[in-house]
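Text of my_file06.txt, listed as compact mmCIF, C-alpha atoms and all ligand atoms:
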```
# COMPACT_ATOMS: atom_id res chain seq x y z
CA MET A 28 25.01 209.61 101.67
CA ASP A 29 24.52 212.54 104.00
CA THR A 30 24.79 215.85 102.05
CA ARG A 31 27.43 217.11 104.48
CA PHE A 32 29.75 214.21 103.65
CA GLU A 33 29.04 214.62 99.94
CA ILE A 34 30.06 218.28 100.19
CA ILE A 35 33.33 217.33 101.90
CA ARG A 36 33.97 214.71 99.22
CA LEU A 37 33.51 217.34 96.51
CA LEU A 38 35.74 219.85 98.31
CA SER A 39 38.39 217.23 99.10
CA ASP A 40 40.18 218.14 95.83
CA GLY A 41 41.30 221.40 97.49
CA HIS A 42 39.89 223.52 94.60
CA PHE A 43 37.37 226.34 94.80
CA HIS A 44 33.68 225.45 94.39
CA SER A 45 31.07 228.21 94.30
CA GLY A 46 28.03 228.25 96.57
CA GLU A 47 25.89 228.21 93.44
CA GLU A 48 27.61 225.06 92.10
CA LEU A 49 27.22 223.28 95.43
CA ALA A 50 23.55 224.30 95.78
CA GLU A 51 22.75 223.09 92.28
CA ARG A 52 24.72 219.87 92.66
CA PHE A 53 22.96 218.86 95.88
CA GLY A 54 19.55 220.31 95.05
CA VAL A 55 19.38 222.58 98.11
CA SER A 56 19.43 226.35 98.69
CA ARG A 57 22.64 228.35 99.07
CA ALA A 58 21.60 229.09 102.64
CA ALA A 59 21.43 225.35 103.32
CA ILE A 60 24.90 224.92 101.80
CA TRP A 61 26.21 227.69 104.05
CA LYS A 62 24.74 225.92 107.08
CA HIS A 63 26.47 222.68 106.14
CA LEU A 64 29.76 224.49 105.55
CA THR A 65 29.55 226.19 108.94
CA HIS A 66 28.99 222.80 110.57
CA ILE A 67 31.94 221.32 108.66
CA ARG A 68 34.20 224.18 109.75
CA ASP A 69 33.07 224.61 113.35
CA ARG A 70 31.88 221.20 114.47
CA MET A 71 34.05 218.89 112.35
CA ASP A 72 37.14 221.06 112.68
CA ILE A 73 37.95 221.02 108.96
CA LYS A 74 39.67 224.23 107.85
CA LEU A 75 37.76 226.02 105.10
CA PHE A 76 38.39 229.20 103.12
CA ALA A 77 35.58 231.33 101.72
CA VAL A 78 36.61 233.88 99.06
CA LYS A 79 34.14 236.31 97.57
CA GLY A 80 33.52 235.63 93.89
CA ARG A 81 35.34 232.26 93.94
CA GLY A 82 33.52 230.20 96.54
CA TYR A 83 34.81 227.72 99.07
CA ARG A 84 37.79 225.46 99.33
CA LEU A 85 39.48 223.34 101.97
CA ALA A 86 42.69 224.74 103.44
CA GLU A 87 44.37 221.48 102.37
CA PRO A 88 43.14 218.69 100.06
CA LEU A 89 41.89 215.64 101.97
CA GLU A 90 42.73 212.09 100.90
CA LEU A 91 39.45 210.38 101.70
CA LEU A 92 39.06 206.62 102.04
CA ASN A 93 38.73 204.94 98.67
CA GLU A 94 37.72 201.30 98.43
CA SER A 95 39.14 200.63 94.97
CA LEU A 96 42.51 202.18 95.87
CA ILE A 97 42.66 200.09 99.05
CA ARG A 98 41.72 196.89 97.21
CA SER A 99 44.17 197.54 94.39
CA GLY A 100 47.02 197.63 96.92
CA LEU A 101 46.27 194.11 98.21
CA SER A 102 48.02 190.91 97.12
CA ASP A 103 45.94 187.91 95.99
CA GLN A 104 46.63 186.31 99.36
CA ALA A 105 45.27 189.30 101.29
CA GLN A 106 42.26 189.54 98.93
CA GLY A 107 41.60 185.90 99.79
CA LEU A 108 41.65 186.61 103.53
CA LEU A 109 39.45 189.71 103.21
CA ASP A 110 35.81 188.74 103.60
CA ARG A 111 34.05 192.13 103.55
CA LEU A 112 35.38 195.68 103.39
CA GLU A 113 33.04 198.33 104.79
CA ILE A 114 33.87 202.01 104.66
CA HIS A 115 31.75 204.39 106.75
CA ASP A 116 31.79 208.19 106.76
CA GLN A 117 30.82 208.23 110.41
CA ILE A 118 30.28 205.50 112.95
CA ASP A 119 30.21 205.30 116.75
CA SER A 120 33.16 202.90 116.88
CA THR A 121 34.44 200.46 114.25
CA ASN A 122 35.17 197.98 117.06
CA SER A 123 31.67 198.25 118.56
CA TYR A 124 30.16 197.86 115.09
CA LEU A 125 32.02 194.62 114.34
CA MET A 126 31.30 193.24 117.82
CA GLU A 127 27.59 193.81 117.20
CA LYS A 128 27.86 192.13 113.81
CA GLN A 129 29.63 189.16 115.40
CA ALA A 130 26.97 188.90 118.11
CA GLU A 131 24.29 188.89 115.37
CA LYS A 132 26.29 186.17 113.57
CA ASP A 133 26.55 188.48 110.58
CA SER A 134 30.31 188.48 110.39
CA ALA A 135 33.07 186.10 109.29
CA SER A 136 36.87 186.11 109.60
CA GLY A 137 38.25 188.95 107.52
CA HIS A 138 35.34 191.37 108.03
CA VAL A 139 36.94 194.83 107.90
CA CYS A 140 35.38 198.11 108.94
CA ILE A 141 37.08 201.47 108.38
CA ALA A 142 35.66 204.92 109.10
CA GLU A 143 36.43 208.54 108.34
CA GLN A 144 35.24 209.54 111.80
CA GLN A 145 34.22 207.85 115.06
CA THR A 146 31.81 209.56 117.41
CA SER A 147 32.60 207.21 120.34
CA GLY A 148 36.05 205.87 119.52
CA ARG A 149 37.34 203.73 122.37
CA GLY A 150 40.88 203.20 123.63
CA ARG A 151 42.25 200.77 126.19
CA ARG A 152 41.31 201.01 129.85
CA GLY A 153 38.04 202.82 129.18
CA ARG A 154 39.65 205.83 127.53
CA GLU A 155 38.25 207.81 124.63
CA TRP A 156 40.09 207.54 121.28
CA VAL A 157 40.10 210.96 119.63
CA SER A 158 38.72 210.34 116.13
CA PRO A 159 38.26 213.47 113.98
CA TYR A 160 37.00 213.24 110.39
CA GLY A 161 39.09 212.46 107.34
CA SER A 162 42.56 212.47 108.74
CA ASN A 163 43.56 209.43 110.79
CA ILE A 164 43.02 205.69 110.43
CA TYR A 165 40.27 203.92 112.39
CA LEU A 166 40.27 200.30 111.31
CA SER A 167 38.84 197.11 112.79
CA ILE A 168 39.06 193.50 111.65
CA GLY A 169 36.90 190.64 112.93
CA TRP A 170 38.26 187.08 113.14
CA HIS A 171 37.00 183.70 114.32
CA TYR A 172 39.23 181.15 116.04
CA GLY A 173 38.96 177.55 117.14
CA LEU A 174 41.33 178.61 119.96
CA GLY A 175 40.26 179.21 123.54
CA LEU A 176 40.27 182.72 125.02
CA ALA A 177 43.50 182.17 126.99
CA ASP A 178 45.33 181.19 123.79
CA LEU A 179 44.61 184.60 122.27
CA SER A 180 46.60 186.60 124.80
CA GLY A 181 49.63 187.03 122.51
CA LEU A 182 47.58 188.15 119.52
CA SER A 183 47.60 191.83 120.37
CA LEU A 184 51.41 191.81 120.46
CA ALA A 185 51.54 190.05 117.08
CA ALA A 186 49.18 192.75 115.74
CA GLY A 187 51.48 195.50 117.07
CA ILE A 188 54.40 193.92 115.21
CA ALA A 189 52.30 193.87 112.01
CA VAL A 190 51.57 197.60 112.41
CA ALA A 191 55.24 198.45 113.01
CA ARG A 192 56.25 196.40 109.95
CA SER A 193 53.65 198.21 107.84
CA LEU A 194 55.01 201.60 108.87
CA GLU A 195 58.54 200.45 108.05
CA ALA A 196 57.30 199.19 104.67
CA VAL A 197 56.05 202.68 103.72
CA GLY A 198 59.39 204.19 104.71
CA ILE A 199 58.93 205.28 108.34
CA GLU A 200 62.00 204.67 110.48
CA GLU A 201 62.47 204.43 114.24
CA VAL A 202 59.04 202.99 114.95
CA GLY A 203 58.96 201.05 118.21
CA LEU A 204 56.53 199.18 120.42
CA LYS A 205 55.57 199.61 124.05
CA TRP A 206 54.07 196.55 125.67
CA PRO A 207 51.34 195.57 125.23
CA ASN A 208 49.69 197.62 122.47
CA ASP A 209 51.30 200.97 121.74
CA VAL A 210 53.15 201.98 118.60
CA LEU A 211 55.53 204.81 119.42
CA TRP A 212 57.92 207.14 117.71
CA GLN A 213 60.50 208.69 120.01
CA ASP A 214 58.36 208.03 123.09
CA ARG A 215 55.29 209.62 121.54
CA LYS A 216 52.21 207.61 120.67
CA LEU A 217 51.56 207.17 116.96
CA ALA A 218 49.06 204.30 117.11
CA GLY A 219 47.26 202.01 119.53
CA LEU A 220 45.49 198.67 119.33
CA LEU A 221 42.36 197.53 121.13
CA LEU A 222 41.61 193.81 120.92
CA GLU A 223 38.22 192.69 122.16
CA VAL A 224 37.57 188.98 122.54
CA SER A 225 34.50 186.88 123.20
CA GLY A 226 33.64 183.19 123.20
CA GLU A 227 34.36 180.09 125.21
CA HIS A 228 37.26 179.46 127.53
CA THR A 229 38.21 176.35 125.57
CA GLY A 230 37.13 177.77 122.17
CA PRO A 231 35.73 178.71 119.76
CA SER A 232 36.43 182.41 120.18
CA ARG A 233 36.04 185.67 118.27
CA VAL A 234 38.22 188.74 118.11
CA VAL A 235 37.75 192.30 116.99
CA MET A 236 41.12 193.90 116.46
CA GLY A 237 40.90 197.70 116.34
CA LEU A 238 43.68 200.01 115.23
CA GLY A 239 43.80 203.77 115.64
CA LEU A 240 46.71 205.45 113.85
CA ASN A 241 47.27 209.20 113.84
CA THR A 242 48.09 210.23 110.29
CA ARG A 243 47.35 213.95 110.50
CA MET A 244 46.02 215.63 113.60
CA SER A 245 45.92 219.31 114.50
CA GLU A 246 47.02 220.58 117.92
CA VAL A 247 43.38 221.52 118.59
CA GLN A 248 42.15 218.00 117.82
CA GLY A 249 44.99 216.43 119.79
CA LYS A 250 44.54 218.53 122.90
CA GLU A 251 42.11 215.94 124.28
CA ILE A 252 44.84 213.27 124.24
CA ASP A 253 46.24 212.75 127.72
CA GLN A 254 49.71 211.51 126.77
CA PRO A 255 52.52 212.61 124.43
CA TRP A 256 51.44 211.89 120.84
CA ILE A 257 52.65 212.34 117.28
CA ASP A 258 51.12 211.99 113.83
CA LEU A 259 52.54 210.42 110.68
CA ALA A 260 52.57 213.75 108.83
CA SER A 261 55.10 215.13 111.37
CA LEU A 262 57.58 212.27 110.90
CA PRO A 263 60.45 212.27 108.40
CA GLY A 264 58.99 210.90 105.15
CA GLY A 265 55.52 210.69 106.70
CA SER A 266 53.68 213.57 105.04
CA GLY A 267 53.90 211.95 101.59
CA VAL A 268 52.43 208.61 102.68
CA SER A 269 49.04 207.95 101.11
CA ARG A 270 46.39 207.04 103.67
CA ASN A 271 44.80 204.50 101.31
CA ARG A 272 48.15 202.90 100.48
CA LEU A 273 49.00 202.67 104.18
CA ILE A 274 45.64 200.99 104.83
CA SER A 275 46.39 198.39 102.11
CA THR A 276 49.79 197.71 103.69
CA LEU A 277 48.22 197.44 107.16
CA LEU A 278 45.54 195.06 105.88
CA GLU A 279 48.16 192.98 104.09
CA ASN A 280 50.15 192.50 107.31
CA LEU A 281 47.27 192.34 109.80
CA LEU A 282 45.18 189.83 107.83
CA SER A 283 48.12 187.46 107.45
CA THR A 284 49.00 187.86 111.15
CA LEU A 285 45.42 187.09 112.22
CA SER A 286 45.31 184.07 109.94
CA ARG A 287 48.73 182.64 110.95
CA PHE A 288 48.07 183.09 114.66
CA GLU A 289 45.61 180.17 114.76
CA TYR A 290 48.46 177.75 113.91
CA ASP A 291 51.68 179.44 115.04
CA GLY A 292 50.71 181.65 118.00
CA LEU A 293 53.19 184.31 119.07
CA ASP A 294 56.26 182.04 119.21
CA PRO A 295 57.72 182.86 115.76
CA GLU A 296 57.36 186.60 116.51
CA ILE A 297 59.15 186.81 119.85
CA GLU A 298 62.52 187.78 118.33
CA GLU A 299 60.83 190.43 116.19
CA TRP A 300 59.08 191.82 119.26
CA ARG A 301 62.46 192.10 120.97
CA ARG A 302 63.83 194.09 118.01
CA LEU A 303 60.95 196.55 118.21
CA ASP A 304 60.46 196.72 122.00
CA LEU A 305 61.60 200.17 123.14
CA TYR A 306 61.90 199.32 126.84
CA HIS A 307 63.47 195.86 126.88
CA GLY A 308 66.09 195.68 129.65
CA LYS A 309 65.05 199.06 131.05
CA PRO A 310 63.53 200.06 134.39
CA VAL A 311 59.75 200.31 134.09
CA ALA A 312 56.67 200.62 136.27
CA LEU A 313 53.50 198.59 135.76
CA GLN A 314 50.26 200.23 136.80
CA MET A 315 47.38 197.84 137.57
CA GLY A 316 44.47 199.92 138.79
CA LYS A 317 45.78 201.48 142.02
CA ARG A 318 48.68 199.04 142.30
CA ARG A 319 52.07 200.04 140.95
CA ILE A 320 55.07 197.81 140.72
CA GLU A 321 58.57 198.77 139.59
CA GLY A 322 61.22 196.50 138.12
CA VAL A 323 63.29 195.72 135.06
CA HIS A 324 61.59 194.72 131.82
CA LYS A 325 63.00 191.29 130.89
CA GLY A 326 61.07 190.67 127.66
CA ILE A 327 57.94 188.66 126.98
CA ASP A 328 56.94 185.00 127.21
CA ALA A 329 55.21 182.88 124.53
CA ALA A 330 51.78 184.04 125.78
CA GLY A 331 52.77 187.70 125.38
CA ALA A 332 53.03 188.34 129.12
CA LEU A 333 55.60 190.90 130.21
CA LEU A 334 58.42 189.46 132.31
CA LEU A 335 59.22 191.87 135.12
CA GLU A 336 62.16 191.38 137.42
CA SER A 337 61.43 192.84 140.80
CA GLU A 338 62.87 192.11 144.24
CA GLY A 339 65.05 189.32 142.83
CA GLN A 340 62.22 187.47 141.08
CA THR A 341 60.98 187.49 137.49
CA ARG A 342 57.20 187.18 137.10
CA PRO A 343 54.87 187.32 134.08
CA TYR A 344 52.20 190.07 133.86
CA HIS A 345 49.36 189.83 131.38
CA GLY A 346 48.04 192.76 129.29
CA GLY A 347 44.40 193.49 130.05
CA GLU A 348 44.23 196.46 132.34
CA VAL A 349 47.97 196.82 132.89
CA SER A 350 49.89 199.80 131.57
CA LEU A 351 53.65 200.24 131.38
CA ARG A 352 55.59 203.44 131.96
CA PRO A 353 59.34 203.92 131.69
CA VAL A 354 61.04 204.94 134.94
CA ALA A 355 63.68 207.65 134.69
C1 LIG B 401 44.65 202.43 122.71
O1 LIG B 401 44.11 202.82 123.75
O2 LIG B 401 45.84 202.65 122.50
C2 LIG B 401 43.86 201.65 121.70
C3 LIG B 401 43.19 202.55 120.72
C4 LIG B 401 42.36 201.82 119.68
C5 LIG B 401 41.55 202.77 118.83
C6 LIG B 401 40.90 202.07 117.68
S1 LIG B 401 40.27 203.17 116.47
C7 LIG B 401 39.46 201.86 115.66
C8 LIG B 401 38.89 200.98 116.74
N1 LIG B 401 37.58 201.46 117.16
C9 LIG B 401 37.60 201.90 118.41
O3 LIG B 401 36.60 202.38 119.01
N2 LIG B 401 38.80 201.75 118.94
C10 LIG B 401 39.73 201.16 118.01
```

Go through the file and emit its structure as structure tokens.
Ligand code: BTN
Amino acid sequence: MDTRFEIIRLLSDGHFHSGEELAERFGVSRAAIWKHLTHIRDRMDIKLFAVKGRGYRLAEPLELLNESLIRSGLSDQAQGLLDRLEIHDQIDSTNSYLMEKQAEKDSASGHVCIAEQQTSGRGRRGREWVSPYGSNIYLSIGWHYGLGLADLSGLSLAAGIAVARSLEAVGIEEVGLKWPNDVLWQDRKLAGLLLEVSGEHTGPSRVVMGLGLNTRMSEVQGKEIDQPWIDLASLPGGSGVSRNRLISTLLENLLSTLSRFEYDGLDPEIEEWRRLDLYHGKPVALQMGKRRIEGVHKGIDAAGALLLESEGQTRPYHGGEVSLRPVA
């Protein structure tokens, strides 16, 4: 492991550690330790205190990703669906990584990749996904289907429902969904999903389902985000939620959703989507590249397409590059 990440791991307890202790522990000079600490503070945006005579400590303890804690929170059924669990300190993008693995045929259904930090995290419609170290959740799961590509269109909605259910299960109330892939709390984005598919039109196909969930993000880190956002720590009951426990709950729900989808599709989830959909029955605008169309949101169909009533007609619109905005 990179010394820098080892130092963070040691400091994650929130206690003081002297420069001498760190230098001895990692077999480097105190000057080298200082260089690492400066990088951690200035480039990784992790708040650090240095106190003469006592050493260094983090402003707040960090709950880093822990494989055994995550595994211990999984039921036997989820353990059975989990093929591989990889935890990375830093990665370009957990989605890109699993897509590469799938292309190399080095990945099976239930391959999970989680990271402390992404250097090129990707959101929908070519956007960046802000991914600072050690605070949020960046999680991807690979899955293989016999289904054709068109049959997968409702999967991202089913995944959104699984995320909302997971948040409810750890005690977060008032979580809602915005078609097709956003998890919101009072109109502010808490999490987003990016599903990337490949394969044959008539099947087989492969999916990488990526979830980004803001658990704790500073204003400085979040200033790059170009829409209203919120983190779990700011929600009622959210600051006490363990990141590892939440990951177990998410895996529990997402793995079973991915597995069931092959046989059941989105159909059994349509009522649940309606319960969680924040804009059902409301005036909305769909943006498709430069084209914008306004109408009333009439729900979704079995393929997960949004039904928009406009100029006296109700038509389905599929996810992809479409984004939905409420209209005042
Ligand atoms: C969105 O635009 O709302 C979707 C965001 C998806 C972000 C996640 S973070 C884990 C995975 N890896 C990525 O590069 N993107 C997804």

Would you give me, as a Markdown table, each residue of region 263-300 of chain A having an atom within 12 Å of an atom of region 126-141 of chain A, along with its shortest atom pair and that distance in Å to one decimal, using all atoms listed in the file and sorting by chain and residue number?
```
| residue | atom | partner | partner_atom | distance |
| --- | --- | --- | --- | --- |
| A:Arg270 | CA | A:Ile141 | CA | 11.8 |
| A:Asn271 | CA | A:Ile141 | CA | 10.9 |
| A:Ile274 | CA | A:Ile141 | CA | 9.3 |
| A:Ser275 | CA | A:Ile141 | CA | 11.6 |
| A:Leu277 | CA | A:Val139 | CA | 11.6 |
| A:Leu278 | CA | A:Val139 | CA | 8.8 |
| A:Glu279 | CA | A:Gly137 | CA | 11.2 |
| A:Leu281 | CA | A:Gly137 | CA | 9.9 |
| A:Leu282 | CA | A:Gly137 | CA | 7.0 |
| A:Ser283 | CA | A:Gly137 | CA | 10.0 |
| A:Thr284 | CA | A:Gly137 | CA | 11.4 |
| A:Leu285 | CA | A:Gly137 | CA | 8.8 |
| A:Ser286 | CA | A:Ser136 | CA | 8.7 |
| A:Glu289 | CA | A:Ser136 | CA | 11.8 |
```

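Of the residues under consideration (A:Glu87, A:Glu223, A:Asp110, A:Glu51), A:Glu223 shows the shortest atom-to-atom contact distance to ligand LIG 401 (chain B) when counting only C-alpha atoms and all ligand atoms.
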
Sorted by chain and rising residue number, which residues of chain A lie within 10 Å of ligand LIG 401 (chain B), and what are their closest atom pairs and distances in Å to one decimal, counting all atoms listed in the file, as JSON lines?
```
{"residue": "A:Ile118", "atom": "CA", "partner": "B:LIG401", "partner_atom": "O3", "distance": 9.3}
{"residue": "A:Asp119", "atom": "CA", "partner": "B:LIG401", "partner_atom": "O3", "distance": 7.4}
{"residue": "A:Ser120", "atom": "CA", "partner": "B:LIG401", "partner_atom": "O3", "distance": 4.1}
{"residue": "A:Thr121", "atom": "CA", "partner": "B:LIG401", "partner_atom": "N1", "distance": 4.4}
{"residue": "A:Asn122", "atom": "CA", "partner": "B:LIG401", "partner_atom": "N1", "distance": 4.2}
{"residue": "A:Ser123", "atom": "CA", "partner": "B:LIG401", "partner_atom": "O3", "distance": 6.4}
{"residue": "A:Tyr124", "atom": "CA", "partner": "B:LIG401", "partner_atom": "N1", "distance": 8.5}
{"residue": "A:Leu125", "atom": "CA", "partner": "B:LIG401", "partner_atom": "N1", "distance": 9.3}
{"residue": "A:Cys140", "atom": "CA", "partner": "B:LIG401", "partner_atom": "C7", "distance": 8.7}
{"residue": "A:Ile141", "atom": "CA", "partner": "B:LIG401", "partner_atom": "C7", "distance": 7.7}
{"residue": "A:Ala142", "atom": "CA", "partner": "B:LIG401", "partner_atom": "C7", "distance": 8.2}
{"residue": "A:Gln144", "atom": "CA", "partner": "B:LIG401", "partner_atom": "S1", "distance": 9.4}
{"residue": "A:Gln145", "atom": "CA", "partner": "B:LIG401", "partner_atom": "O3", "distance": 7.2}
{"residue": "A:Thr146", "atom": "CA", "partner": "B:LIG401", "partner_atom": "O3", "distance": 8.8}
{"residue": "A:Ser147", "atom": "CA", "partner": "B:LIG401", "partner_atom": "O3", "distance": 6.4}
{"residue": "A:Gly148", "atom": "CA", "partner": "B:LIG401", "partner_atom": "O3", "distance": 3.6}
{"residue": "A:Arg149", "atom": "CA", "partner": "B:LIG401", "partner_atom": "O3", "distance": 3.7}
{"residue": "A:Gly150", "atom": "CA", "partner": "B:LIG401", "partner_atom": "O1", "distance": 3.3}
{"residue": "A:Arg151", "atom": "CA", "partner": "B:LIG401", "partner_atom": "O1", "distance": 3.7}
{"residue": "A:Arg152", "atom": "CA", "partner": "B:LIG401", "partner_atom": "O1", "distance": 7.0}
{"residue": "A:Gly153", "atom": "CA", "partner": "B:LIG401", "partner_atom": "O1", "distance": 8.1}
{"residue": "A:Arg154", "atom": "CA", "partner": "B:LIG401", "partner_atom": "O1", "distance": 6.6}
{"residue": "A:Glu155", "atom": "CA", "partner": "B:LIG401", "partner_atom": "O1", "distance": 7.7}
{"residue": "A:Trp156", "atom": "CA", "partner": "B:LIG401", "partner_atom": "C5", "distance": 5.6}
{"residue": "A:Val157", "atom": "CA", "partner": "B:LIG401", "partner_atom": "C5", "distance": 8.4}
{"residue": "A:Ser158", "atom": "CA", "partner": "B:LIG401", "partner_atom": "S1", "distance": 7.3}
{"residue": "A:Asn163", "atom": "CA", "partner": "B:LIG401", "partner_atom": "S1", "distance": 9.1}
{"residue": "A:Ile164", "atom": "CA", "partner": "B:LIG401", "partner_atom": "S1", "distance": 7.1}
{"residue": "A:Tyr165", "atom": "CA", "partner": "B:LIG401", "partner_atom": "C7", "distance": 3.9}
{"residue": "A:Leu166", "atom": "CA", "partner": "B:LIG401", "partner_atom": "C7", "distance": 4.7}
{"residue": "A:Ser167", "atom": "CA", "partner": "B:LIG401", "partner_atom": "C8", "distance": 5.5}
{"residue": "A:Ile168", "atom": "CA", "partner": "B:LIG401", "partner_atom": "C8", "distance": 9.0}
{"residue": "A:Pro207", "atom": "CA", "partner": "B:LIG401", "partner_atom": "O2", "distance": 9.4}
{"residue": "A:Asn208", "atom": "CA", "partner": "B:LIG401", "partner_atom": "O2", "distance": 6.3}
{"residue": "A:Asp209", "atom": "CA", "partner": "B:LIG401", "partner_atom": "O2", "distance": 5.8}
{"residue": "A:Val210", "atom": "CA", "partner": "B:LIG401", "partner_atom": "O2", "distance": 8.3}
{"residue": "A:Lys216", "atom": "CA", "partner": "B:LIG401", "partner_atom": "O2", "distance": 8.3}
{"residue": "A:Leu217", "atom": "CA", "partner": "B:LIG401", "partner_atom": "O2", "distance": 9.2}
{"residue": "A:Ala218", "atom": "CA", "partner": "B:LIG401", "partner_atom": "O2", "distance": 6.5}
{"residue": "A:Gly219", "atom": "CA", "partner": "B:LIG401", "partner_atom": "O2", "distance": 3.4}
{"residue": "A:Leu220", "atom": "CA", "partner": "B:LIG401", "partner_atom": "C2", "distance": 4.1}
{"residue": "A:Leu221", "atom": "CA", "partner": "B:LIG401", "partner_atom": "C2", "distance": 4.4}
{"residue": "A:Leu222", "atom": "CA", "partner": "B:LIG401", "partner_atom": "C10", "distance": 8.1}
{"residue": "A:Glu223", "atom": "CA", "partner": "B:LIG401", "partner_atom": "C10", "distance": 9.6}
{"residue": "A:Val235", "atom": "CA", "partner": "B:LIG401", "partner_atom": "C8", "distance": 8.8}
{"residue": "A:Met236", "atom": "CA", "partner": "B:LIG401", "partner_atom": "C8", "distance": 7.4}
{"residue": "A:Gly237", "atom": "CA", "partner": "B:LIG401", "partner_atom": "C8", "distance": 3.9}
{"residue": "A:Leu238", "atom": "CA", "partner": "B:LIG401", "partner_atom": "C6", "distance": 4.2}
{"residue": "A:Gly239", "atom": "CA", "partner": "B:LIG401", "partner_atom": "S1", "distance": 3.7}
{"residue": "A:Leu240", "atom": "CA", "partner": "B:LIG401", "partner_atom": "S1", "distance": 7.3}
{"residue": "A:Asn241", "atom": "CA", "partner": "B:LIG401", "partner_atom": "S1", "distance": 9.6}
```

What does the distance from CA of Gly326 (chain A) to CA of Phe288 (chain A) come to in Å, to one decimal?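 For CA of Gly326 (chain A) relative to CA of Phe288 (chain A), the distance reads 19.9 Å.
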
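Between CA of Asp304 (chain A) and CA of Ser225 (chain A) there is a distance of 27.8 Å.
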
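The nearest approach to Thr65 (chain A) among the residues A:Phe53, A:Ser261, A:Gln104, A:Ile35, with all atoms listed in the file taken into account, belongs to A:Ile35.
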
Of the residues A:Asp291, A:Asp103, A:Glu298, A:Glu348, which is the one nearest to Arg318 (chain A), using all atoms listed in the file?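 Result for the nearest residue to Arg318 (chain A): A:Glu348.
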
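The coordinates place CA of Trp300 (chain A) at 15.7 Å from CA of His345 (chain A).
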
Nearest residue to Leu37 (chain A) out of A:Arg98, A:Arg68, A:Arg52, A:Arg81, using all atoms listed in the file? A:Arg52

Out of A:Arg215, A:Ser232, A:Leu92, A:Asp294, which residue has the shortest atom-to-atom distance to Trp256 (chain A) when counting only C-alpha atoms? A:Arg215

Which one of A:Ser162, A:Ser45, A:Ser95, A:Thr30 sits closest to Arg57 (chain A) if you count all atoms listed in the file? A:Ser45

Using all atoms listed in the file, which residues sit within 12 Å of Tyr306 (chain A) once same-chain residues fewer than 2 positions away are excluded, as a ChimeraX atom specification? /A:203-207,209,211,213-214,300-304,308-312,322-327,333-335,351-355

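For Leu293 (chain A), the non-local neighbours within 8 Å, defined as residues at least 4 positions apart in the same chain or in other chains and counting all atoms listed in the file, are Gly181, Leu182, Leu184, Ala185, Phe288, Ile297, Ala329, Ala330 and Gly331 of chain A.
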